[in-house]
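Student: Okay, handing you the structure first.
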Amino acid sequence: MGKQGQVCGALALWSVGALAAAQAAEAEVGTEKIDRVVVTATRSAGAVDVQQVPAAITVLKPDSLARYGQGNLGDIANLVPAMSVQQQAPGVNNITMRGLVVRGIVPSEVQDASLVAVYIDDMPVTLKSSNPDLKVLDLERVEVLQGPQGTLFGAGAMAGAVRQITQKPELGDLFGTLEAVGSNTSGFGGANRNLRGMVNLPLKADVLGLRLTAYTGNDSGYIRNQLVGSSTFGKTTNDVSTNQGRAALRLRASPDLLIDASVTASNIKGGVNDAYAGLAPFTTIALLPQTSNDQLQLYNLGVSYDLGNAQLVSSTSYLHRDTLYVTSAQYPATAFIFGGKAPLMQAAYTIGNAVTDFAQEFRLNSKGSGPLKWTAGAFFETGKRDTRQDEPTTGFDERFAATHNFPGYNSQANDLAFNPNDFFSGTQNTRSRQLALFTEATYTVWDKLDLTAGLRLFKGTQDFDLRFTGLFGNLVGATPSAPVGQPELSNSSATSQGANPRFAAAYHVDADHMLYASVGKGFRYGGNNQPVPFNFCGVNAPATFAPDSLWNYEVGSKNTLLDQRMTFNASAYVIEWKDVQVFNKLPCTYYFTQNAGKLRSEGLELETAFKLTRHASLGLSAAYNHAYATRTVVTGIAAQNIPEGSRAPYAPRLSATATASYTVPVRGNDEVGVAASYAYHSDAYTNFAAAQGSYAQIPSSNTVNATATYKTGAYEFGLFGTNLTNGAKISDVTPNTIAIQPGDTLFMVRPRTLGLRVKARF
């Protein structure tokens with residue numbers, strides 16, 4: 001980065017800082033001091049003050065999202081500058097943190113392991129490119145851990161972790177809430193509505209409690225289909241229907257034994273948020289309806305037993321998820337088989353996933369006030385993912401037979417496709433398992449210096465089975481013009497093992513000021529590639545790829561100032577990432593992953609919060625990141641090589657957030673409050689360099705939200721507006737490589753939405 005860029009970045013960062021403590025300040029309207037914020041990110045026996053944790057952690061309270069009628073991962077990212085999310089449809093998303101990313105969303109890629117772990121309490125729910133969109137979690141807080149968390153959270157947390165901490169049943173009180181939200185989206189959008197309810201039931205006083213939550217909602221689409229003559233002409237293509245429920249049970253079996261069990265179920269039906277750059281804004285062309293269907297069930301059993309000098313914790317979780325995405329693929333179907341000649345073929349590109357996952361973790365945590373505090377544990381996970389793809393295309397067999405002089409051609413009979421008129425069919429089945437042992441200990445010297453050391457030992461194996469059929473699947477020894485009817489078959493296995501250490505030192509200058517430094521290793525498992533047909537693509541792909549890993553070097557400071565009316569935290573980091581799992585997307589539409597090259601990520605994160613008066617609060621935060629290739633990355637394909645100094649894709653260089661709130665009492669205990677938030681993310685690109693192709697700009701975004709609330713007794717009324725200036729438009733871009741398609745595919749953000757919220761407590 002040049003000197004001018006450094007100065008500009010420093011000035012921008014000096015003027016903004018973060019958010020967690022600002023939200024805490026809002027929570028305690030009657031005092032001039034910022035409220036204490038606690039986290040469980042250290043996995044210790046009890047929650048600890050976030051200002052005493054030597055790591056960059058942002059904490060969000062659910063009210064900071066709910067008062068705007070929001071709550072998904074994209075909304076969280078708007079309040080955490082170090083985090084960004086690309087979203088293409090409900091539950092189709094990709095999280096980026098600290099610039100550690102080399103590829104975007106590829107829904108058909110089963111090998112793309114996550115870089116940011118997503119947790120619900122102690123339950124891992126991460127699925128790269130498809131993190132679940134849950135609005136029914138009844139959250140206590142969200143903890144966003146920036147930077148590698150490989151020692152305590154494992155392979156999926158190489159760039160960071162997002163922990164959604166739920167409210168637990170209370171054993172002594174009967175109470176509940178009911179909230180209704182109605183809103184309207186501008187442009188091609190329309191009416192949105194949702195209803196959320198919660199009830200806490202003490203089944204046996206101080207022994208057994210049940211907490212039930214439910215959510216149902218319908219959100220209007222805002223992408224319009226321009227295709228004249230289609231059954232969906234003039235209609236929106238991305239309406240969303242959501243129905244979710246959750247039951248949480250807490251049992252105080254004895255003074256020493258606490259048991260928590262929960263079940264979460266979700267069913268989301270929607271569309272795809274895509275439009276074409278060559279058409280009017282928020283407009284697409286689809287020959288058939290585009291749909292997404294996401295069904296999810298989560299089960300968790302948590303046990304905590306007090307052993308006196310230590311605490312034993314067990315978390316057992318099971319996940320079952322079925323997704324089905326159908327997109328209109330008339331352009332690739334017509335271009336690759338029939339040279340782009342009219343008429344367009346009505347093709348439904350269909351991707352279905354059946355995912356199951358079982359995870360078990362045991363932890364033993366020290367208790368007491370001595371100088372030594374420690375955590376030790378074991379983690380086991382086993383899962384499978386069965387992916388089914390096909391592309392049924394109306395009239396394909398007849399047109400192929402006429403065009404290629406193949407009388408009586410039938411996709412199913414001649415090329416073994418799932419059905420007739422289906423030019424690609426495929427299954428990819430993976431079976432994975434991993435085992436890890438971990439420990440971390442902190443020793444306090446002179447009551448001021450905390451020295452921490454941790455280690456995670458891990459081993460993981462994945463078995464991979466692939467079968468591709470149909471004209472476009474049978475290409476191992478053929479081309480579309482000379483098919484042989486021979487399926488692509490692949491069976492492979494990849495095993496990875498290693499160790500992840502972490503070291504940290506935190507010096508407490510006094511109760512309000514801390515300096516820290518840390519170094520830690522992050523890792524990600526390797527995997528297996530699908531075969532690439534050489535005759536069609538001109539490339540031989542490796543059968544497997546190895547793990548990649550990184551070292552994170554970080555220094556920081558956490559400070560509470562002005563008699564606890566202000567916090568100011570800062571962290572700076574350098575990350576060295578080697579053996580990077582580089583994604584090679586080929587012009588023939590096939591792709592593969594290989595280990596190639598090194599990347600470096602450098603950055604600075606600031607956060608500050610002010611309690612201006614007992615009624616007014618202000619929060620400012622910012623993150624600067626520069627992630628780039630430290631040397632030319634040679635992939636073996638000249639057009640895919642990454643030039644030295646190339647900026648990592650999908651990573652904004654600068655992000656910032658500002659929040660403000662003002663609450664005043666009126667007429668006794670009634671309250672009137674106003675709040676606003678502003679989020680900025682600078683532009684990013686979809687690849688390292690233009691010479692590689694598939695290179696397009698994701699424009700910068702400016703998101704402005706505002707709300708006004710009135711609380712009286714057990715009732716709360718709110719007016720809100722989101723994306724008020726329409727400054728956030730595009731979440732993701734898929735660059736176009738097909739001449740007949742009208743420009744790049746743009747994935748659009750919901751435009752300006754105005755709404756009314758009513759909440760009742762009983």
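Labels used: A, B, ... for chains in the order of the structure tokens, numbers from 1 for residues in each chain, and numbers from 1 for ligands as shown.
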What lies within 8 Å of A:Thr382 using only C-alpha atoms, ignoring chain neighbours under 3 positions off, as a list of chain:residue names?
Tutor: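 Near neighbours after the sequence-gap exclusion: A:Asp357, A:Phe358, A:Ala359, A:Arg431, A:Ser432, A:Arg433, A:Gln434.
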Student: Write the residues of the selection above to a file with C-alpha atoms, as a short mmCIF file (atom, residue, chain, number, x, y, z; two decimals), in the first residue's frame.
Tutor:
data_model
loop_
_atom_site.label_atom_id
_atom_site.label_comp_id
_atom_site.auth_asym_id
_atom_site.auth_seq_id
_atom_site.Cartn_x
_atom_site.Cartn_y
_atom_site.Cartn_z
CA ASP A 357 -23.98 -33.97 10.74
CA PHE A 358 -23.34 -35.31 14.23
CA ALA A 359 -20.97 -33.50 16.60
CA ARG A 431 -18.52 -38.86 4.01
CA SER A 432 -16.33 -37.01 6.50
CA ARG A 433 -15.16 -37.49 10.05
CA GLN A 434 -12.78 -35.65 12.31
#
Student: Just list the residues in stretch 286-502 of chain A DSSP gives alpha helix (DSSP H) on the backbone, as JSON, numbers by chain.
Tutor: {"A": [330, 331, 332, 333, 334, 335, 336, 337, 338, 396, 397, 398, 399, 400, 401, 402, 403, 411, 412, 413, 414, 415]}
Student: For the structure I just gave you, how does DSSP split stretch 211-244 of chain A - specifically, which residues are strand (DSSP E or B)? Reply as an NGL selection string.
Tutor: :A and (211-219 or 224-225 or 236 or 240-244)
Student: Hey, which of A:Arg98, A:Pro542, A:Ile740, A:Val582 ends up closest to A:Gly340? Count only C-alpha atoms.
Tutor: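 Answer, going by the shortest atom-to-atom distance: A:Ile740.
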Student: Leaving out A:Gln226 and any residue of its chain fewer than 6 positions from it, which residues lie within 9 Å of it when counting only C-alpha atoms, given as a PDB file with N, CA and C atoms, in the first residue's frame?
Tutor:
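Contents of out-v1.pdb, freshly written:
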ATOM      1  N   THR A 232     -44.475 -16.286 -15.768  1.00  0.00           N
ATOM      2  CA  THR A 232     -44.061 -15.402 -14.678  1.00  0.00           C
ATOM      3  C   THR A 232     -43.742 -13.997 -15.167  1.00  0.00           C
ATOM      4  N   PHE A 233     -44.146 -13.637 -16.416  1.00  0.00           N
ATOM      5  CA  PHE A 233     -43.841 -12.313 -16.957  1.00  0.00           C
ATOM      6  C   PHE A 233     -44.436 -11.229 -16.057  1.00  0.00           C
ATOM      7  N   GLY A 234     -43.612 -10.240 -15.717  1.00  0.00           N
ATOM      8  CA  GLY A 234     -44.066  -9.114 -14.917  1.00  0.00           C
ATOM      9  C   GLY A 234     -44.147  -9.395 -13.435  1.00  0.00           C
ATOM     10  N   LYS A 235     -43.936 -10.643 -13.033  1.00  0.00           N
ATOM     11  CA  LYS A 235     -44.007 -10.989 -11.616  1.00  0.00           C
ATOM     12  C   LYS A 235     -42.617 -10.951 -10.996  1.00  0.00           C
ATOM     13  N   LEU A 279     -29.932  -5.397 -18.443  1.00  0.00           N
ATOM     14  CA  LEU A 279     -31.347  -5.040 -18.425  1.00  0.00           C
ATOM     15  C   LEU A 279     -31.569  -3.868 -17.483  1.00  0.00           C
ATOM     16  N   THR A 283     -34.051  -6.398 -12.780  1.00  0.00           N
ATOM     17  CA  THR A 283     -34.800  -7.102 -13.814  1.00  0.00           C
ATOM     18  C   THR A 283     -34.018  -8.335 -14.270  1.00  0.00           C
ATOM     19  N   THR A 284     -34.752  -9.429 -14.482  1.00  0.00           N
ATOM     20  CA  THR A 284     -34.136 -10.660 -14.958  1.00  0.00           C
ATOM     21  C   THR A 284     -34.935 -11.206 -16.132  1.00  0.00           C
ATOM     22  N   ILE A 285     -34.421 -12.263 -16.728  1.00  0.00           N
ATOM     23  CA  ILE A 285     -35.142 -13.024 -17.744  1.00  0.00           C
ATOM     24  C   ILE A 285     -35.102 -14.481 -17.312  1.00  0.00           C
ATOM     25  N   ALA A 286     -36.271 -15.062 -17.092  1.00  0.00           N
ATOM     26  CA  ALA A 286     -36.351 -16.454 -16.657  1.00  0.00           C
ATOM     27  C   ALA A 286     -37.460 -17.155 -17.427  1.00  0.00           C
TER      28      ALA A 286
END
Student: Compile the contact shell of A:Phe338 as a ChimeraX atom specification: residues with an atom at most 9 Å away, counting only C-alpha atoms, same-chain residues fewer than 5 positions apart removed.
Tutor: /A:333,399-400,403
Student: With all heavy atoms retained, write the just-selected residues as a compact mmCIF listing (two decimals), in the first residue's frame.
Tutor:
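Result file follows (out-v1.txt):
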# COMPACT_ATOMS: atom_id res chain seq x y z
N ALA A 333 -27.46 -23.43 -21.46
CA ALA A 333 -27.99 -24.59 -22.18
C ALA A 333 -27.97 -24.35 -23.68
O ALA A 333 -27.61 -25.23 -24.48
CB ALA A 333 -29.40 -24.90 -21.70
N ARG A 399 -34.22 -31.66 -30.34
CA ARG A 399 -33.37 -30.67 -31.02
C ARG A 399 -31.96 -31.23 -31.22
O ARG A 399 -31.34 -31.02 -32.27
CB ARG A 399 -33.33 -29.37 -30.23
CG ARG A 399 -32.58 -28.25 -30.94
CD ARG A 399 -32.66 -26.94 -30.20
NE ARG A 399 -31.93 -25.89 -30.89
CZ ARG A 399 -31.80 -24.64 -30.43
NH1 ARG A 399 -32.39 -24.28 -29.30
NH2 ARG A 399 -31.10 -23.75 -31.11
N PHE A 400 -31.45 -31.96 -30.24
CA PHE A 400 -30.12 -32.54 -30.37
C PHE A 400 -30.11 -33.58 -31.49
O PHE A 400 -29.15 -33.65 -32.29
CB PHE A 400 -29.67 -33.17 -29.06
CG PHE A 400 -28.27 -33.72 -29.10
CD1 PHE A 400 -27.18 -32.90 -28.87
CD2 PHE A 400 -28.03 -35.06 -29.39
CE1 PHE A 400 -25.88 -33.39 -28.92
CE2 PHE A 400 -26.74 -35.56 -29.45
CZ PHE A 400 -25.67 -34.72 -29.21
N THR A 403 -30.12 -31.61 -34.80
CA THR A 403 -28.92 -30.80 -35.02
C THR A 403 -27.69 -31.67 -35.28
O THR A 403 -26.83 -31.31 -36.09
CB THR A 403 -28.67 -29.88 -33.80
OG1 THR A 403 -29.83 -29.10 -33.57
CG2 THR A 403 -27.47 -28.98 -34.04
